[in-house]
Amino acid sequence: MADIVIAVHDLVKKFGDFVAVDHVSFTVQRGEVVGYLGPNGSGKTTTMRMLLGLLQPTTGMARVLGFDATRETERVRPLAGYMSQKFALYEDLTVRENLVFYAGVYGLGPAAYRPRVKELMALIGLTGQEGVRAGQLAGGWRQRLALGIALVHQPQLLFLDEPTSGVDPEARRAFWDIIYTLAEQGTTVFVSTHYMDEAEHCGRLGIMNQGRLLAWDAPSVLKRTVVPGAAWDVLAPDGVPLIPLLEALERTPGVWQAGLLGDHLHAILAPDVSETGGLEAALAPYPGARLEPAEVTLDDVFTVLAKRHAEGA
Ligand SMILES: Nc1ncnc2c1ncn2[C@@H]1O[C@H](COP(=O)(O)OP(=O)(O)OP(=O)(O)O)[C@@H](O)[C@H]1O
Ligand SMILES: [Mg+2]
């Protein structure tokens, strides 16, 4: 049997009448990197806090590392790491002092924390910066230090809540390299994000919207199974206004969904239409506008799921 690290069944969290997490169920296996994708307020942090025993579910069940996440929190906590969305560093302490402080919180004595701190410095790429005060670190480096702190007690399961929000793309890539290193070493990673490119990096992905888990699968599977038909990009020469062209696409019967994507348009066709689904006819009044086959994106997946959810499907 697969080694199940997180098992969530019918989990609900209400704040008064407001349902923040709405009958969510999923399982995570050992060694997976699972992404939890959703817009602001979709219930990502609330889910994580319940898994960590920081918040009592209204109803439902959550087991983490074989323990009841609500009743056996003290068994889970030494085995799990958490980098919270609003993580705090001790600004006046140095990088090393921050790590040593948290090592102490987890009960590690000097003999245990000295090698661990050294190892973590190398992992997060801060070797040589031990003496820099946390308050002086730039964005991406603060994030890495917060990750190091979450890892101080060598957790086998790591919860990261939007760990790269607000850092530049290069720092985000470097951060993900560390996540992969951890996963290769056997750590299970549960990471929330609202970046689609990050979501692509996850082995499996949960897609949240308004408290509901709309899908749970590998990104490639979601793209293949959720989006009904082919995707096309519509490129127009300079001078052709995109909005009327977008409206024309939206009026085309074979087009299931159309939107603006940077300097061009992106359309998803209905499943049962011919190859280009009438797009050519829609483009005819716009000289120079042309079609290019496109990849289905996770944005498409999210749009389709959210639309179906809104329609009550
Ligand atoms: N303690 C609380 N009391 C009342 N409402 C709450 C509480 N905590 C969260 N909520 C509400 O529950 C919803 C889900 O919040 P949550 O923080 O889980 O979203 P999120 O997906 O993490 O969003 P973000 O991407 O902004 O971090 C939000 O509408 C939020 O306002
Ligand atoms: Mg959140």
# chains A, B, ... in the order shown; residues from 1 in each chain; ligands from 1
$ closest_atom_pairs --of "chain A" --to "ligand 1" --cutoff "12 Å" --atoms "only C-alpha atoms and all ligand atoms" --output "CSV"
residue,atom,partner,partner_atom_place_in_ligand_line,distance
A:Val12,CA,ligand 1,12 (O),11.4
A:Lys13,CA,ligand 1,12 (O),8.6
A:Lys14,CA,ligand 1,5 (N),8.0
A:Phe15,CA,ligand 1,4 (C),4.9
A:Gly16,CA,ligand 1,4 (C),7.5
A:Asp17,CA,ligand 1,4 (C),9.6
A:Phe18,CA,ligand 1,5 (N),7.3
A:Val19,CA,ligand 1,12 (O),7.3
A:Ala20,CA,ligand 1,12 (O),4.4
A:Val21,CA,ligand 1,14 (C),7.2
A:Asp22,CA,ligand 1,14 (C),10.3
A:Tyr36,CA,ligand 1,21 (O),8.9
A:Leu37,CA,ligand 1,21 (O),8.2
A:Gly38,CA,ligand 1,21 (O),6.0
A:Pro39,CA,ligand 1,25 (O),5.4
A:Asn40,CA,ligand 1,26 (O),3.4
A:Gly41,CA,ligand 1,19 (O),3.4
A:Ser42,CA,ligand 1,21 (O),3.8
A:Gly43,CA,ligand 1,18 (O),3.2
A:Lys44,CA,ligand 1,21 (O),3.7
A:Thr45,CA,ligand 1,22 (O),3.7
A:Thr46,CA,ligand 1,18 (O),3.7
A:Thr47,CA,ligand 1,18 (O),6.4
A:Met48,CA,ligand 1,18 (O),8.1
A:Arg49,CA,ligand 1,18 (O),8.4
A:Met50,CA,ligand 1,18 (O),10.0
A:Leu54,CA,ligand 1,1 (N),11.2
A:Leu55,CA,ligand 1,1 (N),9.0
A:Gln56,CA,ligand 1,1 (N),11.0
A:Pro57,CA,ligand 1,1 (N),12.0
A:Ser84,CA,ligand 1,27 (O),10.0
A:Gln85,CA,ligand 1,27 (O),7.0
A:Lys86,CA,ligand 1,27 (O),9.3
A:Leu160,CA,ligand 1,22 (O),11.3
A:Asp161,CA,ligand 1,22 (O),7.8
A:Glu162,CA,ligand 1,27 (O),7.3
A:Pro163,CA,ligand 1,27 (O),10.7
A:Thr164,CA,ligand 1,25 (O),12.0
A:Ser165,CA,ligand 1,25 (O),9.6
A:Val191,CA,ligand 1,22 (O),11.3
A:Ser192,CA,ligand 1,22 (O),8.0
A:Thr193,CA,ligand 1,25 (O),7.4
A:His194,CA,ligand 1,25 (O),6.8
A:Tyr195,CA,ligand 1,25 (O),10.4
A:Gly206,CA,ligand 1,21 (O),11.8
A:Ile207,CA,ligand 1,21 (O),10.4
A:Met208,CA,ligand 1,21 (O),7.6
A:Asn209,CA,ligand 1,21 (O),8.1
A:Gln210,CA,ligand 1,14 (C),7.6
A:Gly211,CA,ligand 1,14 (C),6.9
A:Arg212,CA,ligand 1,21 (O),10.5
A:Leu213,CA,ligand 1,21 (O),11.2
$ write_last_selection --atoms "C-alpha atoms" --output "short mmCIF file (atom, residue, chain, number, x, y, z; two decimals), in the first residue's frame"
data_model
loop_
_atom_site.label_atom_id
_atom_site.label_comp_id
_atom_site.auth_asym_id
_atom_site.auth_seq_id
_atom_site.Cartn_x
_atom_site.Cartn_y
_atom_site.Cartn_z
CA VAL A 12 -15.09 21.74 6.57
CA LYS A 13 -14.18 25.00 8.28
CA LYS A 14 -16.81 27.62 8.92
CA PHE A 15 -16.27 31.07 10.38
CA GLY A 16 -19.79 31.92 11.52
CA ASP A 17 -21.96 31.30 8.47
CA PHE A 18 -19.06 31.69 6.08
CA VAL A 19 -17.65 28.42 4.72
CA ALA A 20 -13.88 28.89 4.21
CA VAL A 21 -13.14 25.21 3.49
CA ASP A 22 -16.03 23.34 2.00
CA TYR A 36 -2.34 23.86 -3.52
CA LEU A 37 -3.37 26.49 -6.03
CA GLY A 38 -6.08 29.07 -5.60
CA PRO A 39 -6.83 32.78 -5.60
CA ASN A 40 -6.90 34.99 -2.50
CA GLY A 41 -9.38 33.80 0.07
CA SER A 42 -9.94 30.36 -1.49
CA GLY A 43 -9.12 28.50 1.75
CA LYS A 44 -5.48 27.49 1.30
CA THR A 45 -4.13 28.81 4.59
CA THR A 46 -7.21 27.63 6.48
CA THR A 47 -6.65 24.08 5.16
CA MET A 48 -2.99 24.11 6.16
CA ARG A 49 -3.75 25.42 9.62
CA MET A 50 -6.19 22.58 10.19
CA LEU A 54 -3.62 25.17 14.66
CA LEU A 55 -7.29 25.43 13.77
CA GLN A 56 -10.13 23.13 14.76
CA PRO A 57 -12.15 21.81 11.79
CA SER A 84 3.72 30.41 7.33
CA GLN A 85 2.53 32.98 4.84
CA LYS A 86 3.35 35.78 7.25
CA LEU A 160 4.93 26.01 2.73
CA ASP A 161 2.27 28.70 2.52
CA GLU A 162 2.89 30.90 -0.53
CA PRO A 163 6.61 30.83 0.24
CA THR A 164 7.71 32.83 -2.79
CA SER A 165 5.10 35.55 -2.84
CA VAL A 191 3.01 24.08 -0.97
CA SER A 192 0.35 26.68 -1.62
CA THR A 193 0.75 29.17 -4.41
CA HIS A 194 -1.13 31.42 -6.74
CA TYR A 195 1.60 31.37 -9.37
CA GLY A 206 -5.10 20.74 -5.85
CA ILE A 207 -7.13 23.58 -7.29
CA MET A 208 -9.10 25.59 -4.76
CA ASN A 209 -11.80 28.15 -5.43
CA GLN A 210 -14.14 29.64 -2.81
CA GLY A 211 -13.37 26.89 -0.33
CA ARG A 212 -14.00 24.06 -2.78
CA LEU A 213 -11.34 21.69 -4.06
#
$ select_by_dssp --residues "range 78-246 of chain A" --states "strand (DSSP E)" --output "mmCIF file with N, CA, C and O atoms, in the first residue's frame"
data_model
loop_
_atom_site.group_PDB
_atom_site.id
_atom_site.type_symbol
_atom_site.label_atom_id
_atom_site.label_comp_id
_atom_site.auth_asym_id
_atom_site.auth_seq_id
_atom_site.Cartn_x
_atom_site.Cartn_y
_atom_site.Cartn_z
ATOM 1 N N ALA A 80 6.663 17.684 11.470
ATOM 2 C CA ALA A 80 6.252 18.546 10.362
ATOM 3 C C ALA A 80 6.888 19.924 10.487
ATOM 4 O O ALA A 80 7.082 20.436 11.583
ATOM 5 N N GLY A 81 7.206 20.513 9.345
ATOM 6 C CA GLY A 81 7.731 21.879 9.318
ATOM 7 C C GLY A 81 6.697 22.795 8.681
ATOM 8 O O GLY A 81 5.917 22.361 7.834
ATOM 9 N N TYR A 82 6.698 24.051 9.072
ATOM 10 C CA TYR A 82 5.700 24.994 8.566
ATOM 11 C C TYR A 82 6.343 26.342 8.316
ATOM 12 O O TYR A 82 6.912 26.942 9.215
ATOM 13 N N MET A 83 6.276 26.781 7.075
ATOM 14 C CA MET A 83 6.680 28.154 6.772
ATOM 15 C C MET A 83 5.389 28.906 6.496
ATOM 16 O O MET A 83 4.726 28.679 5.481
ATOM 17 N N LEU A 157 7.750 16.120 6.714
ATOM 18 C CA LEU A 157 6.658 16.738 5.946
ATOM 19 C C LEU A 157 6.766 18.244 6.123
ATOM 20 O O LEU A 157 6.921 18.738 7.238
ATOM 21 N N LEU A 158 6.686 18.951 4.990
ATOM 22 C CA LEU A 158 6.903 20.390 5.019
ATOM 23 C C LEU A 158 5.693 21.103 4.422
ATOM 24 O O LEU A 158 5.275 20.798 3.306
ATOM 25 N N PHE A 159 5.140 22.046 5.183
ATOM 26 C CA PHE A 159 4.052 22.893 4.698
ATOM 27 C C PHE A 159 4.620 24.266 4.378
ATOM 28 O O PHE A 159 5.199 24.915 5.254
ATOM 29 N N LEU A 160 4.445 24.689 3.143
ATOM 30 C CA LEU A 160 4.931 26.011 2.729
ATOM 31 C C LEU A 160 3.737 26.810 2.229
ATOM 32 O O LEU A 160 3.076 26.410 1.256
ATOM 33 N N ASP A 161 3.439 27.915 2.892
ATOM 34 C CA ASP A 161 2.265 28.698 2.519
ATOM 35 C C ASP A 161 2.693 29.923 1.707
ATOM 36 O O ASP A 161 3.200 30.899 2.259
ATOM 37 N N THR A 188 8.250 15.147 2.100
ATOM 38 C CA THR A 188 6.985 15.420 1.429
ATOM 39 C C THR A 188 6.714 16.918 1.544
ATOM 40 O O THR A 188 6.869 17.486 2.620
ATOM 41 N N VAL A 189 6.335 17.533 0.435
ATOM 42 C CA VAL A 189 6.156 18.987 0.443
ATOM 43 C C VAL A 189 4.731 19.330 -0.002
ATOM 44 O O VAL A 189 4.271 18.898 -1.056
ATOM 45 N N PHE A 190 4.063 20.115 0.833
ATOM 46 C CA PHE A 190 2.712 20.610 0.526
ATOM 47 C C PHE A 190 2.823 22.115 0.441
ATOM 48 O O PHE A 190 3.074 22.789 1.435
ATOM 49 N N VAL A 191 2.679 22.663 -0.761
ATOM 50 C CA VAL A 191 3.006 24.076 -0.967
ATOM 51 C C VAL A 191 1.849 24.823 -1.627
ATOM 52 O O VAL A 191 1.343 24.398 -2.667
ATOM 53 N N SER A 192 1.415 25.891 -0.995
ATOM 54 C CA SER A 192 0.348 26.680 -1.615
ATOM 55 C C SER A 192 0.964 27.774 -2.473
ATOM 56 O O SER A 192 2.073 28.241 -2.213
ATOM 57 N N THR A 193 0.246 28.143 -3.495
ATOM 58 C CA THR A 193 0.751 29.169 -4.415
ATOM 59 C C THR A 193 -0.400 29.772 -5.191
ATOM 60 O O THR A 193 -1.479 29.174 -5.281
ATOM 61 N N ARG A 204 1.642 16.805 -8.136
ATOM 62 C CA ARG A 204 0.173 16.866 -8.193
ATOM 63 C C ARG A 204 -0.276 18.221 -7.694
ATOM 64 O O ARG A 204 0.448 18.900 -6.974
ATOM 65 N N LEU A 205 -1.500 18.534 -8.074
ATOM 66 C CA LEU A 205 -1.998 19.873 -7.838
ATOM 67 C C LEU A 205 -3.446 19.804 -7.358
ATOM 68 O O LEU A 205 -4.262 19.110 -7.935
ATOM 69 N N GLY A 206 -3.712 20.541 -6.269
ATOM 70 C CA GLY A 206 -5.097 20.736 -5.851
ATOM 71 C C GLY A 206 -5.501 22.125 -6.270
ATOM 72 O O GLY A 206 -4.732 23.074 -6.092
ATOM 73 N N ILE A 207 -6.679 22.253 -6.855
ATOM 74 C CA ILE A 207 -7.127 23.581 -7.292
ATOM 75 C C ILE A 207 -8.316 24.013 -6.445
ATOM 76 O O ILE A 207 -9.369 23.377 -6.460
ATOM 77 N N MET A 208 -8.087 25.080 -5.680
ATOM 78 C CA MET A 208 -9.103 25.586 -4.762
ATOM 79 C C MET A 208 -9.776 26.822 -5.343
ATOM 80 O O MET A 208 -9.136 27.656 -5.980
ATOM 81 N N ASN A 209 -11.065 26.930 -5.083
ATOM 82 C CA ASN A 209 -11.798 28.151 -5.425
ATOM 83 C C ASN A 209 -12.966 28.263 -4.458
ATOM 84 O O ASN A 209 -13.746 27.327 -4.314
ATOM 85 N N ARG A 212 -13.796 25.396 -2.189
ATOM 86 C CA ARG A 212 -14.002 24.064 -2.780
ATOM 87 C C ARG A 212 -12.735 23.594 -3.472
ATOM 88 O O ARG A 212 -12.059 24.370 -4.149
ATOM 89 N N LEU A 213 -12.435 22.303 -3.323
ATOM 90 C CA LEU A 213 -11.339 21.687 -4.060
ATOM 91 C C LEU A 213 -11.922 21.214 -5.389
ATOM 92 O O LEU A 213 -12.669 20.240 -5.438
ATOM 93 N N LEU A 214 -11.588 21.920 -6.460
ATOM 94 C CA LEU A 214 -12.233 21.653 -7.743
ATOM 95 C C LEU A 214 -11.547 20.534 -8.515
ATOM 96 O O LEU A 214 -12.149 19.927 -9.394
ATOM 97 N N ALA A 215 -10.283 20.280 -8.229
ATOM 98 C CA ALA A 215 -9.572 19.220 -8.941
ATOM 99 C C ALA A 215 -8.341 18.842 -8.136
ATOM 100 O O ALA A 215 -7.832 19.644 -7.354
ATOM 101 N N TRP A 216 -7.876 17.613 -8.386
ATOM 102 C CA TRP A 216 -6.713 17.116 -7.652
ATOM 103 C C TRP A 216 -6.017 16.109 -8.556
ATOM 104 O O TRP A 216 -6.498 14.973 -8.692
ATOM 105 N N ASP A 217 -4.975 16.534 -9.229
ATOM 106 C CA ASP A 217 -4.295 15.603 -10.154
ATOM 107 C C ASP A 217 -2.975 16.212 -10.631
ATOM 108 O O ASP A 217 -2.649 17.350 -10.277
ATOM 109 N N ALA A 231 -6.646 24.323 -27.909
ATOM 110 C CA ALA A 231 -6.344 25.718 -27.585
ATOM 111 C C ALA A 231 -5.639 26.364 -28.770
ATOM 112 O O ALA A 231 -4.817 25.733 -29.442
ATOM 113 N N TRP A 232 -5.979 27.616 -29.028
ATOM 114 C CA TRP A 232 -5.362 28.375 -30.123
ATOM 115 C C TRP A 232 -4.964 29.751 -29.618
ATOM 116 O O TRP A 232 -5.677 30.341 -28.796
ATOM 117 N N ASP A 233 -3.831 30.249 -30.122
ATOM 118 C CA ASP A 233 -3.488 31.648 -29.901
ATOM 119 C C ASP A 233 -3.890 32.430 -31.149
ATOM 120 O O ASP A 233 -3.744 31.927 -32.272
ATOM 121 N N VAL A 234 -4.382 33.628 -30.935
ATOM 122 C CA VAL A 234 -4.739 34.504 -32.051
ATOM 123 C C VAL A 234 -3.818 35.707 -31.998
ATOM 124 O O VAL A 234 -3.806 36.445 -31.008
ATOM 125 N N LEU A 235 -3.004 35.848 -33.045
ATOM 126 C CA LEU A 235 -2.049 36.957 -33.086
ATOM 127 C C LEU A 235 -2.511 37.989 -34.094
ATOM 128 O O LEU A 235 -2.966 37.632 -35.181
#
$ residues_around --residues "Leu99 in chain A" --least-positions-apart "2" --cutoff "12 Å" --atoms "only C-alpha atoms" --output "PyMOL selection string"
chain A and resi 89-90+93-97+101-106+108+110+113-121+124+126+130-131+133-134+144-153
$ atom_distance --atom1 "CA of Gly229 in chain A" --atom2 "CA of Ala289 in chain A"
21.4 Å
$ atom_distance --atom1 "CA of His201 in chain A" --atom2 "CA of Ala174 in chain A"
12.8 Å
$ residues_around --residues "Leu269 in chain A" --least-positions-apart "5" --cutoff "6 Å" --atoms "only C-alpha atoms" --output "ChimeraX atom specification"
/A:229-230,254-256
$ write_last_selection --atoms "N, CA, C and O atoms" --output "compact mmCIF listing (two decimals), in the first residue's frame"
# COMPACT_ATOMS: atom_id res chain seq x y z
N GLY A 229 -11.63 21.32 -25.30
CA GLY A 229 -11.15 21.18 -26.68
C GLY A 229 -9.77 21.76 -26.88
O GLY A 229 -9.06 22.06 -25.92
N ALA A 230 -9.40 21.95 -28.13
CA ALA A 230 -8.06 22.45 -28.47
C ALA A 230 -7.89 23.91 -28.06
O ALA A 230 -8.87 24.63 -27.86
N GLY A 254 -18.15 27.94 -31.87
CA GLY A 254 -17.27 26.83 -31.46
C GLY A 254 -16.29 27.20 -30.36
O GLY A 254 -15.55 26.35 -29.87
N VAL A 255 -16.25 28.48 -29.98
CA VAL A 255 -15.28 28.92 -28.97
C VAL A 255 -15.90 28.81 -27.58
O VAL A 255 -16.95 29.36 -27.30
N TRP A 256 -15.23 28.06 -26.74
CA TRP A 256 -15.76 27.80 -25.40
C TRP A 256 -15.35 28.90 -24.43
O TRP A 256 -16.07 29.23 -23.51
$ closest_residue --among "A:Val226, A:Ile179, A:Val240, A:Leu261" --to "Leu298 in chain A" --atoms "only C-alpha atoms"
A:Val226
$ select_by_dssp --residues "range 97-194 of chain A" --states "alpha helix (DSSP H)" --output "count of residues only"
51
$ closest_residue --among "A:Tyr180, A:Phe26, A:Phe302, A:Phe87" --to "ligand 2" --atoms "only C-alpha atoms and all ligand atoms"
A:Phe87
$ atom_distance --atom1 "CA of Arg77 in chain A" --atom2 "CA of Gln154 in chain A"
11.4 Å
$ residues_around --residues "Thr27 in chain A" --least-positions-apart "4" --cutoff "9 Å" --atoms "only C-alpha atoms" --output "PyMOL selection string"
chain A and resi 4-9
$ closest_residue --among "A:Ala112, A:Val28, A:Val296, A:Ile268" --to "Leu249 in chain A" --atoms "only C-alpha atoms"
A:Ile268
$ residues_around --residues "Val227 in chain A" --least-positions-apart "5" --cutoff "7 Å" --atoms "only C-alpha atoms" --output "list of chain:residue names"
A:Asp300, A:Val301, A:Val304
